[in-house]
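Chemist: Below is the structure I would like to discuss, written out as structure tokens.
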Amino acid sequence: MAKVVMIMGPSGTGKSTGVQFLNPEETFIVNGDKKELPWKGSSKKYVEVLENKDGVLKFSGGKSNMRNTDLMAEIKSIVKLAGTKKKNLKQIVIDTITNPMFRSVVNRVGETGYSKYVEFAMELDAIIQMCKDELPEDLIVFILAHTEFETDEGGERIQRFKVPAGKFTTEKLVPESHVTVCLYSGIKRTDDGSIVTG
């Protein structure tokens with residue numbers, strides 16, 4: 001059973017930037033945002049997984065340690081493949097899960113009915129459960145996600161997992177309750193007025 005850690009926060013609060021401090025020889029990144037990694041020299045440390053003519057993913061000479069994809073089904077399969085096949089791997093980072101969830105919604109925007117919202121939640125749940133049930137116990141899977149603010153029944157402003165559409169994921173699945181650790185990123189100002197993320 002791998003440990004699943006969720007790191008959540010608004011955009012620009014250091015979630016992706018923090019990944020640079022992980023050892024790339026022990027790390028695999030699933031780039032769900034499909035954007036350039038936000039630190040200097042990242043392209044030399046993280047190499048894309050190749051796809052052969054039969055559509056099969058292959059690690060390039062054992063050096064590949066990243067996959068750019070915003071498809072939930074592919075995220076599940078590549079996390080399982082990396083977690084079970086890559087030697088010396090200590091952590092997998094999904095950065096972020098929010099964009100792939102949004103893509104699922106966009107791809108089915110013309111559909112009506114409630115069942116698709118259940119299916120969106122089940123895509124996320126399937127990834128979390130696969131990490132717990134099928135990956136080595138010494139592996140950590142970091143799932144990075146965006147948040148939104150809501151007001152609870154007592155009038156308190158709370159930070160919640162951001163869902164691209166519908167409330168089934170936050171109200172029924174409650175992703176934070178299915179992971180080992182849940183951390184929140186944020187911004188604060190120091191006494192001299194500079195901004196610190198983390």
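Residues in the structure tokens are numbered from 1 in each chain, the chains being A, B, ... in the order shown, and ligands are numbered from 1 in the order shown.
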May I have the residues within 6 Å of range 86-91 of chain A as a PDB file with N, CA and C atoms, in the first residue's frame, using only C-alpha atoms and disregarding those fewer than 6 positions away in the same chain?
Modeler:
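Ended up saving to out.pdb:
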```
ATOM      1  N   GLU A  26      14.797   9.536  -8.266  1.00  0.00           N
ATOM      2  CA  GLU A  26      13.875   8.761  -7.434  1.00  0.00           C
ATOM      3  C   GLU A  26      12.423   9.219  -7.605  1.00  0.00           C
ATOM      4  N   THR A  27      12.190  10.097  -8.598  1.00  0.00           N
ATOM      5  CA  THR A  27      10.890  10.739  -8.756  1.00  0.00           C
ATOM      6  C   THR A  27      10.347  10.534 -10.161  1.00  0.00           C
ATOM      7  N   LEU A 139       6.463   3.471  -1.424  1.00  0.00           N
ATOM      8  CA  LEU A 139       6.289   4.534  -2.407  1.00  0.00           C
ATOM      9  C   LEU A 139       5.335   5.603  -1.869  1.00  0.00           C
ATOM     10  N   ILE A 140       5.620   6.867  -2.181  1.00  0.00           N
ATOM     11  CA  ILE A 140       4.716   7.971  -1.840  1.00  0.00           C
ATOM     12  C   ILE A 140       4.173   8.557  -3.138  1.00  0.00           C
ATOM     13  N   VAL A 141       2.867   8.717  -3.224  1.00  0.00           N
ATOM     14  CA  VAL A 141       2.233   9.356  -4.370  1.00  0.00           C
ATOM     15  C   VAL A 141       1.688  10.701  -3.916  1.00  0.00           C
TER      16      VAL A 141
END
```
Chemist: So that I can check the surroundings of Lys34 in chain A, please list as a ChimeraX atom specification every protein, DNA and RNA residue that reaches within 8 Å of it, counting only C-alpha atoms and ignoring chain neighbours fewer than 2 positions away.
Modeler: /A:31-32,36,68-70
Chemist: Selected residues, all heavy atoms, written as a PDB file, in the first residue's frame, please.
Modeler:
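The file below, part.pdb, is the result:
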```
ATOM      1  N   ASN A  31       2.594  14.980 -15.464  1.00  0.00           N
ATOM      2  CA  ASN A  31       2.337  16.403 -15.670  1.00  0.00           C
ATOM      3  C   ASN A  31       0.919  16.598 -16.213  1.00  0.00           C
ATOM      4  O   ASN A  31       0.709  16.741 -17.411  1.00  0.00           O
ATOM      5  CB  ASN A  31       3.393  16.972 -16.625  1.00  0.00           C
ATOM      6  CG  ASN A  31       3.340  18.480 -16.744  1.00  0.00           C
ATOM      7  OD1 ASN A  31       2.485  19.133 -16.175  1.00  0.00           O
ATOM      8  ND2 ASN A  31       4.256  19.038 -17.514  1.00  0.00           N
ATOM      9  N   GLY A  32      -0.040  16.610 -15.311  1.00  0.00           N
ATOM     10  CA  GLY A  32      -1.448  16.740 -15.691  1.00  0.00           C
ATOM     11  C   GLY A  32      -1.802  18.097 -16.243  1.00  0.00           C
ATOM     12  O   GLY A  32      -2.781  18.250 -16.963  1.00  0.00           O
ATOM     13  N   GLU A  36       5.248  23.596 -18.904  1.00  0.00           N
ATOM     14  CA  GLU A  36       6.659  23.525 -18.552  1.00  0.00           C
ATOM     15  C   GLU A  36       6.821  23.549 -17.042  1.00  0.00           C
ATOM     16  O   GLU A  36       6.152  24.318 -16.348  1.00  0.00           O
ATOM     17  CB  GLU A  36       7.396  24.705 -19.181  1.00  0.00           C
ATOM     18  CG  GLU A  36       8.891  24.680 -18.978  1.00  0.00           C
ATOM     19  CD  GLU A  36       9.588  25.857 -19.642  1.00  0.00           C
ATOM     20  OE1 GLU A  36       8.927  26.600 -20.402  1.00  0.00           O
ATOM     21  OE2 GLU A  36      10.788  26.040 -19.396  1.00  0.00           O
ATOM     22  N   ASN A  68       3.530  13.670 -19.840  1.00  0.00           N
ATOM     23  CA  ASN A  68       2.581  14.768 -19.990  1.00  0.00           C
ATOM     24  C   ASN A  68       1.247  14.183 -20.447  1.00  0.00           C
ATOM     25  O   ASN A  68       1.154  13.661 -21.559  1.00  0.00           O
ATOM     26  CB  ASN A  68       3.075  15.781 -21.029  1.00  0.00           C
ATOM     27  CG  ASN A  68       4.349  16.470 -20.591  1.00  0.00           C
ATOM     28  OD1 ASN A  68       4.421  17.004 -19.496  1.00  0.00           O
ATOM     29  ND2 ASN A  68       5.359  16.464 -21.439  1.00  0.00           N
ATOM     30  N   THR A  69       0.241  14.241 -19.616  1.00  0.00           N
ATOM     31  CA  THR A  69      -1.089  13.764 -20.009  1.00  0.00           C
ATOM     32  C   THR A  69      -2.155  14.411 -19.134  1.00  0.00           C
ATOM     33  O   THR A  69      -1.954  14.622 -17.942  1.00  0.00           O
ATOM     34  CB  THR A  69      -1.208  12.229 -19.918  1.00  0.00           C
ATOM     35  OG1 THR A  69      -2.532  11.846 -20.320  1.00  0.00           O
ATOM     36  CG2 THR A  69      -0.951  11.717 -18.514  1.00  0.00           C
ATOM     37  N   ASP A  70      -3.285  14.719 -19.748  1.00  0.00           N
ATOM     38  CA  ASP A  70      -4.415  15.248 -18.984  1.00  0.00           C
ATOM     39  C   ASP A  70      -5.629  14.312 -19.084  1.00  0.00           C
ATOM     40  O   ASP A  70      -6.764  14.730 -18.924  1.00  0.00           O
ATOM     41  CB  ASP A  70      -4.785  16.664 -19.441  1.00  0.00           C
ATOM     42  CG  ASP A  70      -5.113  16.751 -20.926  1.00  0.00           C
ATOM     43  OD1 ASP A  70      -5.169  15.703 -21.606  1.00  0.00           O
ATOM     44  OD2 ASP A  70      -5.307  17.881 -21.423  1.00  0.00           O
TER      45      ASP A  70
END
```
Chemist: Excluding Thr169 in chain A and any residue of its chain fewer than 6 positions from it, enumerate the residues within 9 Å of it, using only C-alpha atoms, and give them as a list in words.
Modeler: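 Listing them by chain and then by number gives Tyr117, Val118, Phe120, Ala121, Met122, Leu124, Phe161, Val163 and Pro175 of chain A.
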Chemist: Could you pull out all residues of chain A with a DSSP call of helix (DSSP H, G or I) and give them as a PyMOL selection string?
Modeler: chain A and resi 17-21+24-26+42-45+60-62+72-85+98-107+115-134+168-173+175-178
Chemist: Pick the closest to Lys85 in chain A from A:Asn65, A:Ser104, A:Gln159, A:Thr98: which is it, counting only C-alpha atoms?
Modeler: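 For Lys85 in chain A, the nearest of the given residues is A:Asn65.
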Chemist: Near range 142-154 of chain A, counting only C-alpha atoms, which residues have an atom at most 8 Å away, once you skip same-chain residues fewer than 4 positions from it, shown as a list in words?
Modeler: Val4, Val5, Met6, Ile7, Met8, Gly9, Pro10, Ser11, Lys15, Ser16, Gln91, Ile92, Val93, Ile94, Asp95, Thr96, Ile97, Thr98, Ile158, Gln159, Arg160, Phe161 and Lys162 of chain A
Chemist: When you look at Leu81 in chain A with a cut-off of 10 Å (counting only C-alpha atoms), what residues show up, excluding the ones that are within fewer than 6 positions of it in the same chain? I need them as a list in words.
Modeler: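 Surrounding residues, per the criterion: Leu57, Lys58, Phe59, Ile75 and Leu135 of chain A.
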Chemist: Would you output that residue set with C-alpha atoms, as a PDB file, in the first residue's frame?
Modeler:
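New file selection12.pdb:
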```pdb
ATOM      1  CA  LEU A  57       4.495   3.478 -23.245  1.00  0.00           C
ATOM      2  CA  LYS A  58       8.211   2.797 -22.851  1.00  0.00           C
ATOM      3  CA  PHE A  59      10.808   4.198 -20.496  1.00  0.00           C
ATOM      4  CA  ILE A  75      -2.838   8.916 -15.411  1.00  0.00           C
ATOM      5  CA  LEU A 135       1.680   0.041  -5.490  1.00  0.00           C
TER       6      LEU A 135
END
```
Chemist: Which is closest to Val179 in chain A among A:Arg157, A:Lys132, A:Lys63, A:Arg103, if we use only C-alpha atoms?
Modeler: A:Lys132
Chemist: Determine which residues of range 26-161 of chain A receive a DSSP assignment of strand (DSSP E), computed from the backbone, and state them as a PyMOL selection string.
Modeler: chain A and resi 27-31+50-51+57-58+66-68+91-95+140-145+147-151+157-161
